$ cat data-v6.txt   # compact mmCIF, C-alpha atoms
# COMPACT_ATOMS: atom_id res chain seq x y z
CA MET B 1 -53.05 16.36 26.09
CA LYS B 2 -52.16 19.57 24.30
CA LYS B 3 -53.45 20.69 20.90
CA VAL B 4 -50.82 22.25 18.64
CA SER B 5 -50.73 23.51 15.06
CA VAL B 6 -49.66 21.16 12.27
CA PRO B 7 -46.40 23.09 11.66
CA GLU B 8 -45.63 22.84 15.39
CA PHE B 9 -46.47 19.12 15.41
CA ASN B 10 -44.12 18.50 12.49
CA LYS B 11 -41.16 19.67 14.57
CA TRP B 12 -41.07 16.25 16.30
CA GLU B 13 -38.34 15.16 13.89
CA ASN B 14 -36.05 17.87 15.29
CA LYS B 15 -36.04 16.00 18.62
CA ILE B 16 -34.53 12.82 17.18
CA LYS B 17 -31.04 12.17 18.51
CA LYS B 18 -28.21 10.41 16.70
CA ARG B 19 -28.18 7.46 19.14
CA ASN B 20 -31.96 6.90 18.81
CA LEU B 21 -33.62 3.89 17.17
CA PHE B 22 -36.54 4.61 14.81
CA LEU B 23 -39.11 2.19 13.36
CA ASP B 24 -41.57 2.93 10.56
CA VAL B 25 -44.53 0.52 10.72
CA GLY B 26 -46.13 0.42 7.27
CA CYS B 27 -43.04 1.81 5.59
CA TRP B 28 -43.99 1.07 1.94
CA ASP B 29 -40.80 1.59 -0.08
CA GLY B 30 -38.91 3.03 2.88
CA LYS B 31 -38.78 6.73 1.93
CA LYS B 32 -39.29 7.79 5.57
CA VAL B 33 -36.66 5.31 6.75
CA LEU B 34 -34.21 6.70 4.18
CA ASP B 35 -34.92 10.25 5.35
CA ILE B 36 -34.68 9.51 9.07
CA SER B 37 -31.50 7.47 8.52
CA LYS B 38 -29.74 10.82 8.13
CA LYS B 39 -30.60 11.52 11.77
CA CYS B 40 -30.39 8.13 13.54
CA HIS B 41 -30.58 4.36 13.09
CA ALA B 42 -33.86 3.74 11.24
CA PHE B 43 -35.73 0.57 10.31
CA GLY B 44 -39.04 -0.30 8.68
CA ILE B 45 -41.58 -3.05 8.19
CA ASP B 46 -44.41 -3.49 5.72
CA ILE B 47 -46.89 -6.26 5.00
CA ASP B 48 -46.49 -5.74 1.24
CA LYS B 49 -43.34 -7.45 -0.02
CA GLN B 50 -43.66 -5.79 -3.42
CA LYS B 51 -43.56 -2.30 -1.89
CA ILE B 52 -40.37 -3.15 0.01
CA SER B 53 -38.77 -4.43 -3.20
CA LEU B 54 -38.93 -0.85 -4.54
CA ALA B 55 -36.80 0.53 -1.70
CA ASN B 56 -33.51 2.34 -2.21
CA PRO B 57 -30.68 -0.25 -2.03
CA ILE B 58 -29.03 1.85 0.70
CA ILE B 59 -31.74 0.87 3.19
CA LYS B 60 -33.08 -2.44 1.88
CA ASN B 61 -31.29 -4.37 4.64
CA LYS B 62 -33.09 -2.18 7.21
CA LEU B 63 -36.56 -3.15 5.96
CA LYS B 64 -38.49 -6.35 6.66
CA ASN B 65 -41.64 -7.85 5.19
CA ALA B 66 -43.88 -8.57 8.19
CA ASP B 67 -47.37 -8.28 9.63
CA ALA B 68 -47.12 -5.97 12.65
CA THR B 69 -50.31 -7.45 14.15
CA LYS B 70 -48.45 -10.76 14.53
CA LYS B 71 -44.88 -9.74 15.30
CA ILE B 72 -42.44 -6.87 14.93
CA PRO B 73 -39.37 -8.78 13.73
CA PHE B 74 -36.60 -6.72 15.31
CA ASN B 75 -34.84 -7.69 18.52
CA LYS B 76 -34.67 -4.05 19.58
CA LYS B 77 -36.46 -1.48 21.70
CA PHE B 78 -37.14 1.72 19.81
CA ASP B 79 -37.11 5.38 20.85
CA TRP B 80 -39.53 6.26 18.05
CA VAL B 81 -42.26 4.34 16.24
CA TYR B 82 -43.91 5.97 13.23
CA LEU B 83 -47.41 4.77 12.30
CA SER B 84 -48.67 7.07 9.57
CA GLU B 85 -51.98 6.42 7.76
CA VAL B 86 -51.89 2.74 8.71
CA ILE B 87 -54.18 1.96 11.66
CA GLU B 88 -57.33 2.78 9.66
CA HIS B 89 -56.55 -0.22 7.44
CA VAL B 90 -55.96 -2.69 10.30
CA GLU B 91 -58.79 -4.84 11.61
CA ASN B 92 -56.89 -6.17 14.62
CA TYR B 93 -55.74 -2.80 15.96
CA ASP B 94 -55.36 -4.23 19.49
CA ALA B 95 -52.61 -6.61 18.37
CA LEU B 96 -50.96 -3.82 16.38
CA LEU B 97 -50.87 -1.37 19.30
CA LYS B 98 -49.78 -4.06 21.75
CA ASN B 99 -46.82 -5.03 19.56
CA ILE B 100 -45.87 -1.40 19.02
CA SER B 101 -45.99 -0.71 22.75
CA ASN B 102 -43.84 -3.76 23.44
CA SER B 103 -41.31 -2.50 20.90
CA LEU B 104 -41.01 0.96 22.45
CA LYS B 105 -38.64 1.93 25.25
CA ILE B 106 -40.17 3.51 28.34
CA ASN B 107 -40.66 7.21 27.46
CA GLY B 108 -40.34 6.29 23.78
CA LYS B 109 -42.63 8.14 21.37
CA LEU B 110 -45.30 6.92 18.96
CA ILE B 111 -46.07 9.23 16.04
CA LEU B 112 -49.52 8.30 14.74
CA THR B 113 -51.58 9.87 11.96
CA THR B 114 -54.96 8.68 10.75
CA PRO B 115 -58.21 10.08 9.28
CA GLN B 116 -60.65 11.62 11.76
CA SER B 117 -64.23 10.48 12.11
CA ILE B 118 -66.63 13.35 11.45
CA SER B 119 -70.30 12.63 12.08
CA PHE B 120 -72.46 12.99 8.96
CA PHE B 121 -69.41 13.93 6.87
CA GLN B 122 -67.36 10.75 6.52
CA ILE B 123 -67.56 11.21 2.75
CA TRP B 124 -64.80 13.82 2.95
CA ASP B 125 -62.46 10.84 2.46
CA PRO B 126 -62.53 9.10 -0.96
CA ALA B 127 -60.92 5.99 0.57
CA TRP B 128 -63.74 5.71 3.14
CA VAL B 129 -66.33 5.95 0.35
CA LYS B 130 -64.47 3.25 -1.60
CA TRP B 131 -64.52 1.01 1.52
CA LYS B 132 -68.28 1.40 1.83
CA PHE B 133 -68.64 0.23 -1.77
CA GLY B 134 -66.59 -2.91 -1.22
CA GLY B 135 -63.02 -1.62 -1.18
CA PRO B 136 -60.32 -2.20 1.46
CA GLN B 137 -61.06 -1.25 5.07
CA HIS B 138 -60.54 2.44 5.77
CA TYR B 139 -61.90 3.18 9.24
CA HIS B 140 -62.20 6.67 10.74
CA TYR B 141 -61.44 7.27 14.44
CA THR B 142 -62.30 10.07 16.84
CA LEU B 143 -59.57 11.53 19.03
CA ASN B 144 -61.23 10.09 22.14
CA GLU B 145 -61.37 6.62 20.60
CA LEU B 146 -57.66 6.78 19.89
CA LYS B 147 -56.90 8.11 23.37
CA GLU B 148 -58.71 5.16 24.97
CA LYS B 149 -57.11 2.57 22.68
CA LEU B 150 -53.61 3.93 23.20
CA LEU B 151 -53.92 4.11 26.99
CA ARG B 152 -54.92 0.45 26.99
CA TYR B 153 -51.33 -0.25 25.93
CA ASN B 154 -49.62 2.34 28.15
CA LEU B 155 -49.39 4.96 25.41
CA GLU B 156 -50.41 8.43 26.60
CA ILE B 157 -51.11 11.26 24.16
CA GLU B 158 -48.84 14.24 24.86
CA SER B 159 -49.90 16.46 21.99
CA TYR B 160 -51.99 16.35 18.85
CA ALA B 161 -52.84 18.38 15.76
CA ILE B 162 -55.70 18.22 13.27
CA GLY B 163 -54.78 18.64 9.62
CA GLY B 164 -56.65 18.75 6.34
CA SER B 165 -58.52 21.94 5.43
CA PHE B 166 -61.64 22.04 3.25
CA LEU B 167 -59.51 22.95 0.22
CA TRP B 168 -57.32 19.91 0.96
CA VAL B 169 -60.45 17.71 0.93
CA ILE B 170 -61.43 19.13 -2.46
CA SER B 171 -57.93 18.44 -3.78
CA ARG B 172 -58.24 14.79 -2.69
CA TRP B 173 -61.40 14.36 -4.75
CA VAL B 174 -59.82 16.16 -7.71
CA ASN B 175 -56.87 13.74 -7.43
CA VAL B 176 -59.30 10.80 -7.57
CA PHE B 177 -60.82 12.24 -10.76
CA PHE B 178 -57.42 12.72 -12.38
CA LYS B 179 -56.21 9.24 -11.37
CA TYR B 180 -59.23 7.09 -12.20
CA VAL B 181 -61.07 9.08 -14.88
CA LEU B 182 -58.30 10.92 -16.72
CA LYS B 183 -55.67 8.21 -15.96
CA SER B 184 -53.27 10.99 -15.04
CA LYS B 185 -50.51 10.99 -12.41
CA LYS B 186 -51.02 14.71 -11.77
CA GLN B 187 -51.72 15.39 -8.08
CA PHE B 188 -52.83 18.47 -6.14
CA ASN B 189 -52.42 19.47 -2.50
CA TRP B 190 -54.39 22.62 -1.78
CA GLY B 191 -55.23 24.44 1.42
CA LYS B 192 -53.54 25.26 4.72
CA PRO B 193 -51.99 22.53 6.88
CA ASP B 194 -54.41 22.92 9.80
CA GLY B 195 -57.94 21.65 9.34
CA PHE B 196 -60.53 19.16 10.55
CA CYS B 197 -60.03 15.71 9.04
CA ASP B 198 -56.62 14.16 9.80
CA ILE B 199 -55.51 13.41 13.37
CA LYS B 200 -51.80 13.67 14.19
CA ILE B 201 -50.66 12.34 17.57
CA ILE B 202 -47.49 12.18 19.64
CA ALA B 203 -47.91 9.59 22.40
CA LYS B 204 -45.40 8.52 25.06
CA LYS B 205 -44.97 5.04 26.49
CA ILE B 206 -45.52 5.59 30.20
CA LYS B 207 -44.76 2.13 31.62
$ encode --input "data-v6.txt" --output "structure tokens"
Amino acid sequence: MKKVSVPEFNKWENKIKKRNLFLDVGCWDGKKVLDISKKCHAFGIDIDKQKISLANPIIKNKLKNADATKKIPFNKKFDWVYLSEVIEHVENYDALLKNISNSLKINGKLILTTPQSISFFQIWDPAWVKWKFGGPQHYHYTLNELKEKLLRYNLEIESYAIGGSFLWVISRWVNVFFKYVLKSKKQFNWGKPDGFCDIKIIAKKIK
């Protein structure tokens, strides 16, 4: 398990081959699917039917409304599964990871990103604070927790990066202020890519 910089981690897309199959779990309106479709055959699923309805017509037939903890509704084995900022919202993560593993080819790759648990400083994340005051679930994981959970389903971490600098954290809270207090759509993204609060993982299906 090798630690790399965020810019180095982000080069995973350069390894996608034209014949590959790609699945975005939690695809929202399919922007990632649309982007990756330029490289290979890409598909997506999301539990929110309304989000999928906003997708570009070019890819709408590649997206399905489904709950990945119950079933991944494609009769395919994928070379890549993309699970970005999703697992922290899922109560039954075992079912999710099991279904993802079953959908991956042997040696296929899972790209996973999720907030990192930081003892005594969970409040770096506005969504975690909202959860603690009655909002939707927004769990934080440690790297070791994720390593153990992934291995349970034959997914072995090859490399990881940690993103989200202190300035990035400040920008998240400023964005909350602009969105909910000022009712503004203005958003900020400050700081360097490497940091301490967002885990980025590339894991391989080993068997």
$ atom_distance --input "data-v6.txt" --atom1 "CA of Glu148 in chain B" --atom2 "CA of Ala42 in chain B"
28.4 Å
$ residues_around --input "data-v6.txt" --residues "Val169 in chain B" --least-positions-apart "2" --cutoff "10 Å" --atoms "all atoms listed in the file" --output "number ranges by chain"
B: 123-126, 164-167, 171-175, 189-191, 195-197
$ residues_around --input "data-v6.txt" --residues "Leu151 in chain B" --least-positions-apart "6" --cutoff "12 Å" --atoms "all atoms listed in the file" --output "list of chain:residue names"
B:Asp94, B:Leu97, B:Lys98, B:Ser101, B:Asn144, B:Glu145, B:Ile157, B:Glu158, B:Ala203, B:Lys204, B:Lys205, B:Ile206, B:Lys207
$ axis_aligned_box --input "data-v6.txt" --around "range 135-151 of chain B" --padding-each-side "4 Å" --output "AutoDock Vina command-line options"
--center_x -58.3 --center_y 4.7 --center_z 12.9 --size_x 17.4 --size_y 21.7 --size_z 36.2
$ closest_residue --input "data-v6.txt" --among "B:Leu96, B:Ile170, B:Val81, B:Ala127" --to "Ile201 in chain B" --atoms "all atoms listed in the file"
B:Val81
$ residues_around --input "data-v6.txt" --residues "range 68-79 of chain B" --least-positions-apart "3" --cutoff "7 Å" --atoms "all atoms listed in the file" --output "PyMOL selection string"
chain B and resi 20-23+92+95-96+99+103-105+108-109
$ residues_around --input "data-v6.txt" --residues "His140 in chain B" --least-positions-apart "4" --cutoff "8 Å" --atoms "all atoms listed in the file" --output "ChimeraX atom specification"
/B:88,114-117,122,128
$ atom_distance --input "data-v6.txt" --atom1 "CA of Ile87 in chain B" --atom2 "CA of Trp131 in chain B"
14.5 Å
$ closest_residue --input "data-v6.txt" --among "B:Lys183, B:Lys192, B:Lys60, B:Arg152" --to "Lys31 in chain B" --atoms "only C-alpha atoms"
B:Lys60
$ closest_residue --input "data-v6.txt" --among "B:Asn56, B:Asn10, B:Gln137, B:Ser184" --to "Val90 in chain B" --atoms "only C-alpha atoms"
B:Gln137
$ closest_residue --input "data-v6.txt" --among "B:Phe177, B:Phe188, B:Tyr153, B:Tyr141" --to "Glu85 in chain B" --atoms "only C-alpha atoms"
B:Tyr141
$ residues_near_point --input "data-v6.txt" --point "(-26.8, 9.7, 7.6)" --cutoff "12 Å" --atoms "all atoms listed in the file" --output "list in words"
Lys17, Lys18, Arg19, Val33, Leu34, Asp35, Ile36, Ser37, Lys38, Lys39, Cys40, His41, Ala42, Ile58 and Ile59 of chain B
$ closest_residue --input "data-v6.txt" --among "B:Leu150, B:Ile111, B:Ala55, B:Val129" --to "Trp12 in chain B" --atoms "all atoms listed in the file"
B:Ile111
